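Novice: Dumping the structure here so I can ask a few things about it.
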Amino acid sequence: MAYEWRLFWVGDGGAPAADWPVAGWGDLEARERALGLREQQPILVSPEGRVDPRLSECFRRSAFSAKAQGTQFTYAPIYRLFFTFLWQRGLNWDGASEEDVEDWEAWRRRGAENPAPVGGGTWAKELAALKLLYDIAAGHGFVPANPVTLPAPSDVKTSDVKWLSPRAFRLWRNVGLGGMLPSGLEDEAWRGRCSGRDSAFADLLYSSGLRRREGGTLLTCELPAIEHRNYYAGRVGQAVAKRAGYTFYVGHPALQRVEGYRMSTRALAVARARARGVYDRLPGLRIVLEVTRAGRLRWTSRDGGSGESALGRLTAAERMRLFVDGEDGLEPAMLWLTESGLPMEYASWTKVFERASDRCAAAGLEVFATPKMLRHSMALRMLISLHNALDRRLGLTPAQRLHYEEVYGQVWLMVKDMLGHRSEQVTRDVYLEPVRGLQLESLLNDDDNPVNAEKIAELAARTGLILDAA
């Protein structure tokens with residue numbers, strides 16, 4: 001008998017190829033819809049191979065289903081681990097007690113046999129996940145009471161480095177993703193075949209502040225058209241944003257690099273896939289017929305089905321099924337593709353960034369990056385730029401700035417909107433910590449070059465919170 005719970009997601013299995021029929025699979029989607037299961041709903045299977053309908057009810061329509069898709073993807077594996085811990089104690093998920101939760105916390109954080117104990121931040125996330133599920137279960141009467149009563153940990157720490165200066169980012173991108181040497185010369189031993197794609201994605205996030213899921217699930221039709229402007233506006237759909245859709249802004253150089261990827265690396269991957277008949281064998285794909293001015297997307301399928309949806313309501317999984325039928329044949333509607341020409345899972349970008357940081361470390365460089373760090377860095381650069389832009393427009397001197405707190409409040413609001421935050425306080429407290437308590441009016445007085453690398457380097461030296469490179 002198995003001793004671990006398993007985790008699946010509604011819609012992840014796709015459908016078997018026509019020449020490999022599986023009994024009972026043909027009407028799977030219809031049966032899922034009849035049960036009220038939603039797309040990308042987690043399905044937890046016990047070691048006995050059973051699915052508890054009470055758990056499905058907790059996931060189907062509840063405070064859990066109202067969470068952002070990324071949060072659901074984070075919480076579900078936590079449940080699988082905790083349920084496995086309970087099972088090995090001879091308990092089902094609904095038999096957990098306060099003592100079981102306490103023992104789980106002790107093992108996760110301090111267990112001698114745990115090869116990778118977690119810190120306060122990770123445990124706080126796990127605690128929130130478990131409390132949410134058992135709150136829902138208790139509300140339905142599936143458990144007598146919520147056994148998760150532990151207080152939030154007091155040792156939650158944020159990363160010491162969250163921000164990258166422009167020159168640190170360029171060094172990390174060129175060496176880690178682009179196959180360059182620290183000296184700036186090309187590395188003849190470099191064998192990376194996706195450097196154009198990876199560098200374009202990094203530039204997009206560093207310029208726009210998009211989250212990994214938001215940038216990683218963009219459709220080609222959602223990219224702004226290149227003109228002669230400094231910044232371009234695009235729209236993040238609410239189904240892939242953390243909470244609600246919002247407008248993002250991307251700089252001209254970053255958008256140019258993305259367009260270069262579309263015309264080169266991406267085009268070659270699509271051509272190879274067409275030549276191999278990859279797209280002809282894909283089950284369940286949807287062919288885009290039209291995207292209206294109102295943002296409605298109409299599609300058809302090979303079996304004659306059709307439908308439409310608001311562009312902003314397309315989930316990450318639905319976006320991966322969309323294809324466009326052009327003059328030369330089918331191609332994915334998603335922007336970022338694998339070498340084989342298939343849509344790339346947005347979660348895969350974490351590994352791409354880790355490999356790039358490992359390459360920098362192997363080259364003796366103390367620079368690293370994550371998608372979230374690029375988002376933080378955009379917020380910091382934009383705050384500095386907007387402060388100085390308003391100073392120039394209003395003709396303020398450093399001494400006069402102290403009398404215009406309401407003006408600087410508008411800057412925080414603008415950055416909040418660019419990040420898609422609900423609260424201005426989140427922007428102030430979490431993302432822009434390096435500039436809190438600093439005298440911006442004297443430190444950042446650089447009207448000719450508001451995002452000057454030397455000014456950010458000065459912030460890095462003063463706060464120790466920004467990763468810089470000499």
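Going through the structure tokens in order, the chains are called A, B, and so on, while each chain numbers its residues from 1 and the ligands are numbered from 1 in the order shown.
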For range 288-302 of chain A, list every protein, DNA or RNA residue within 12 Å, evaluated using only C-alpha atoms, and leave out those in the same chain fewer than 3 positions away; present the list as a ChimeraX atom specification.

Specialist: /A:219-222,235-237,279-285,305-314,318-319,321-326,330-334

Novice: Find the spatial neighbours of range 416-425 of chain A, counting only C-alpha atoms, within a cut-off of 8 Å - ignore same-chain residues fewer than 4 positions away - and output them as a list in words.

Specialist: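 In the requested format, the answer is Gly209, Leu210, Ala244, Gly245, Tyr246, Thr247, Phe248, Tyr249, Ala379, Trp412 and Asp429 of chain A.
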
Novice: Please determine, counting only C-alpha atoms, which residue among A:Phe82, A:Phe142, A:Phe368, A:Trp9 has the shortest atom-to-atom distance to Glu57 in chain A.

Specialist: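 Residue with the minimum atom-to-atom distance to Glu57 in chain A: A:Phe142.
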
Novice: Hey, what does DSSP flag as helix (DSSP H, G or I) within range 98-180 of chain A? Can you give it to me as a ChimeraX atom specification?

Specialist: /A:98-110,120-140,166-177

Novice: Write the residues of the selection above to a file with C-alpha atoms, as an mmCIF file, in the first residue's frame.

Specialist:
```cif
data_model
loop_
_atom_site.group_PDB
_atom_site.id
_atom_site.type_symbol
_atom_site.label_atom_id
_atom_site.label_comp_id
_atom_site.auth_asym_id
_atom_site.auth_seq_id
_atom_site.Cartn_x
_atom_site.Cartn_y
_atom_site.Cartn_z
ATOM 1 C CA GLU A 98 -4.107 20.512 17.890
ATOM 2 C CA GLU A 99 -1.324 18.202 19.101
ATOM 3 C CA ASP A 100 -0.859 16.820 15.566
ATOM 4 C CA VAL A 101 -0.459 20.335 14.192
ATOM 5 C CA GLU A 102 2.046 21.157 16.947
ATOM 6 C CA ASP A 103 4.035 17.994 16.171
ATOM 7 C CA TRP A 104 3.974 18.862 12.466
ATOM 8 C CA GLU A 105 5.306 22.338 13.234
ATOM 9 C CA ALA A 106 8.082 20.875 15.381
ATOM 10 C CA TRP A 107 9.123 18.412 12.657
ATOM 11 C CA ARG A 108 8.929 20.959 9.830
ATOM 12 C CA ARG A 109 10.967 23.553 11.670
ATOM 13 C CA ARG A 110 13.255 21.706 14.080
ATOM 14 C CA GLY A 120 9.573 31.378 9.792
ATOM 15 C CA GLY A 121 8.387 32.766 6.462
ATOM 16 C CA THR A 122 7.699 29.352 4.949
ATOM 17 C CA TRP A 123 6.016 28.094 8.106
ATOM 18 C CA ALA A 124 3.794 31.200 8.241
ATOM 19 C CA LYS A 125 2.630 30.351 4.721
ATOM 20 C CA GLU A 126 1.958 26.705 5.648
ATOM 21 C CA LEU A 127 0.103 27.767 8.782
ATOM 22 C CA ALA A 128 -2.118 30.125 6.774
ATOM 23 C CA ALA A 129 -2.857 27.341 4.254
ATOM 24 C CA LEU A 130 -3.849 24.819 6.903
ATOM 25 C CA LYS A 131 -5.928 27.313 8.869
ATOM 26 C CA LEU A 132 -7.837 28.250 5.709
ATOM 27 C CA LEU A 133 -8.692 24.647 4.796
ATOM 28 C CA TYR A 134 -9.763 23.608 8.268
ATOM 29 C CA ASP A 135 -11.796 26.808 8.690
ATOM 30 C CA ILE A 136 -13.716 25.813 5.561
ATOM 31 C CA ALA A 137 -14.059 22.191 6.720
ATOM 32 C CA ALA A 138 -15.294 23.260 10.141
ATOM 33 C CA GLY A 139 -17.824 25.590 8.523
ATOM 34 C CA HIS A 140 -19.234 22.647 6.544
ATOM 35 C CA PRO A 166 20.716 48.419 -13.166
ATOM 36 C CA ARG A 167 24.340 47.386 -13.557
ATOM 37 C CA ALA A 168 23.925 44.341 -11.286
ATOM 38 C CA PHE A 169 20.929 43.258 -13.347
ATOM 39 C CA ARG A 170 22.804 43.673 -16.636
ATOM 40 C CA LEU A 171 25.743 41.637 -15.295
ATOM 41 C CA TRP A 172 23.443 38.846 -14.073
ATOM 42 C CA ARG A 173 21.475 38.793 -17.329
ATOM 43 C CA ASN A 174 24.506 38.874 -19.636
ATOM 44 C CA VAL A 175 26.516 36.225 -17.778
ATOM 45 C CA GLY A 176 23.727 34.057 -16.386
ATOM 46 C CA LEU A 177 21.308 34.103 -19.303
#
```

Novice: Which residue gives the smallest distance to Phe8 in chain A among A:Trp349, A:Trp163, A:Tyr231, A:Phe73, with only C-alpha atoms counted?

Specialist: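 Comparing A:Trp349, A:Trp163, A:Tyr231, A:Phe73 against Phe8 in chain A, the winner is A:Phe73.
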
Novice: Excluding Asn230 in chain A and its own-chain neighbours fewer than 6 positions away, which residues fall within 12 Å of it when counting only C-alpha atoms? Please give them as a CSV table (one decimal) with N, CA and C atoms, in the first residue's frame.

Specialist:
```
chain,number,residue,atom,x,y,z
A,207,SER,N,11.7,45.7,-16.5
A,207,SER,CA,11.2,46.9,-17.0
A,207,SER,C,9.8,47.2,-16.5
A,249,TYR,N,3.2,48.8,-17.5
A,249,TYR,CA,4.0,49.6,-18.4
A,249,TYR,C,5.3,49.0,-18.6
A,250,VAL,N,5.7,49.0,-19.9
A,250,VAL,CA,7.0,48.4,-20.3
A,250,VAL,C,7.8,49.4,-21.1
A,251,GLY,N,9.1,49.5,-20.9
A,251,GLY,CA,10.0,50.4,-21.6
A,251,GLY,C,10.2,49.9,-23.0
A,252,HIS,N,10.6,50.9,-23.9
A,252,HIS,CA,10.9,50.6,-25.3
A,252,HIS,C,12.0,49.5,-25.5
A,253,PRO,N,13.2,49.6,-24.8
A,253,PRO,CA,14.2,48.7,-25.1
A,253,PRO,C,13.8,47.2,-24.7
A,254,ALA,N,13.0,47.1,-23.6
A,254,ALA,CA,12.6,45.7,-23.2
A,254,ALA,C,11.6,45.2,-24.2
A,255,LEU,N,10.7,46.0,-24.7
A,255,LEU,CA,9.7,45.5,-25.7
A,255,LEU,C,10.4,45.2,-27.0
A,256,GLN,N,11.5,45.9,-27.4
A,256,GLN,CA,12.2,45.6,-28.6
A,256,GLN,C,12.9,44.2,-28.4
```

Novice: Please provide as a PyMOL selection string all residues within 8 Å of Leu467 in chain A, with the sequence filter that same-chain residues fewer than 2 positions apart are discarded (counting only C-alpha atoms).

Specialist: chain A and resi 161-165+168+367+460+464-465+469

Novice: Measuring between only C-alpha atoms, which one of A:Ser264, A:Thr217, A:Ser357, A:Asn114 shows the shortest distance to Met344 in chain A?

Specialist: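 Closest to Met344 in chain A of all the choices is A:Thr217.
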
Novice: Would you please extract all strand (DSSP E) residues from range 34-101 of chain A, as assigned by DSSP on the backbone, and give them as a ChimeraX atom specification?

Specialist: /A:42-45

Novice: Give me, as a count of residues only, all polymer residues having an atom no more than 8 Å from Arg257 in chain A, counting only C-alpha atoms and skipping those fewer than 4 positions away in the same chain.

Specialist: 5

Novice: Have a look at A:Leu205, A:Leu268, A:Ala225, A:Ala112 and name the one nearest to Ser377 in chain A; count only C-alpha atoms.

Specialist: A:Leu205
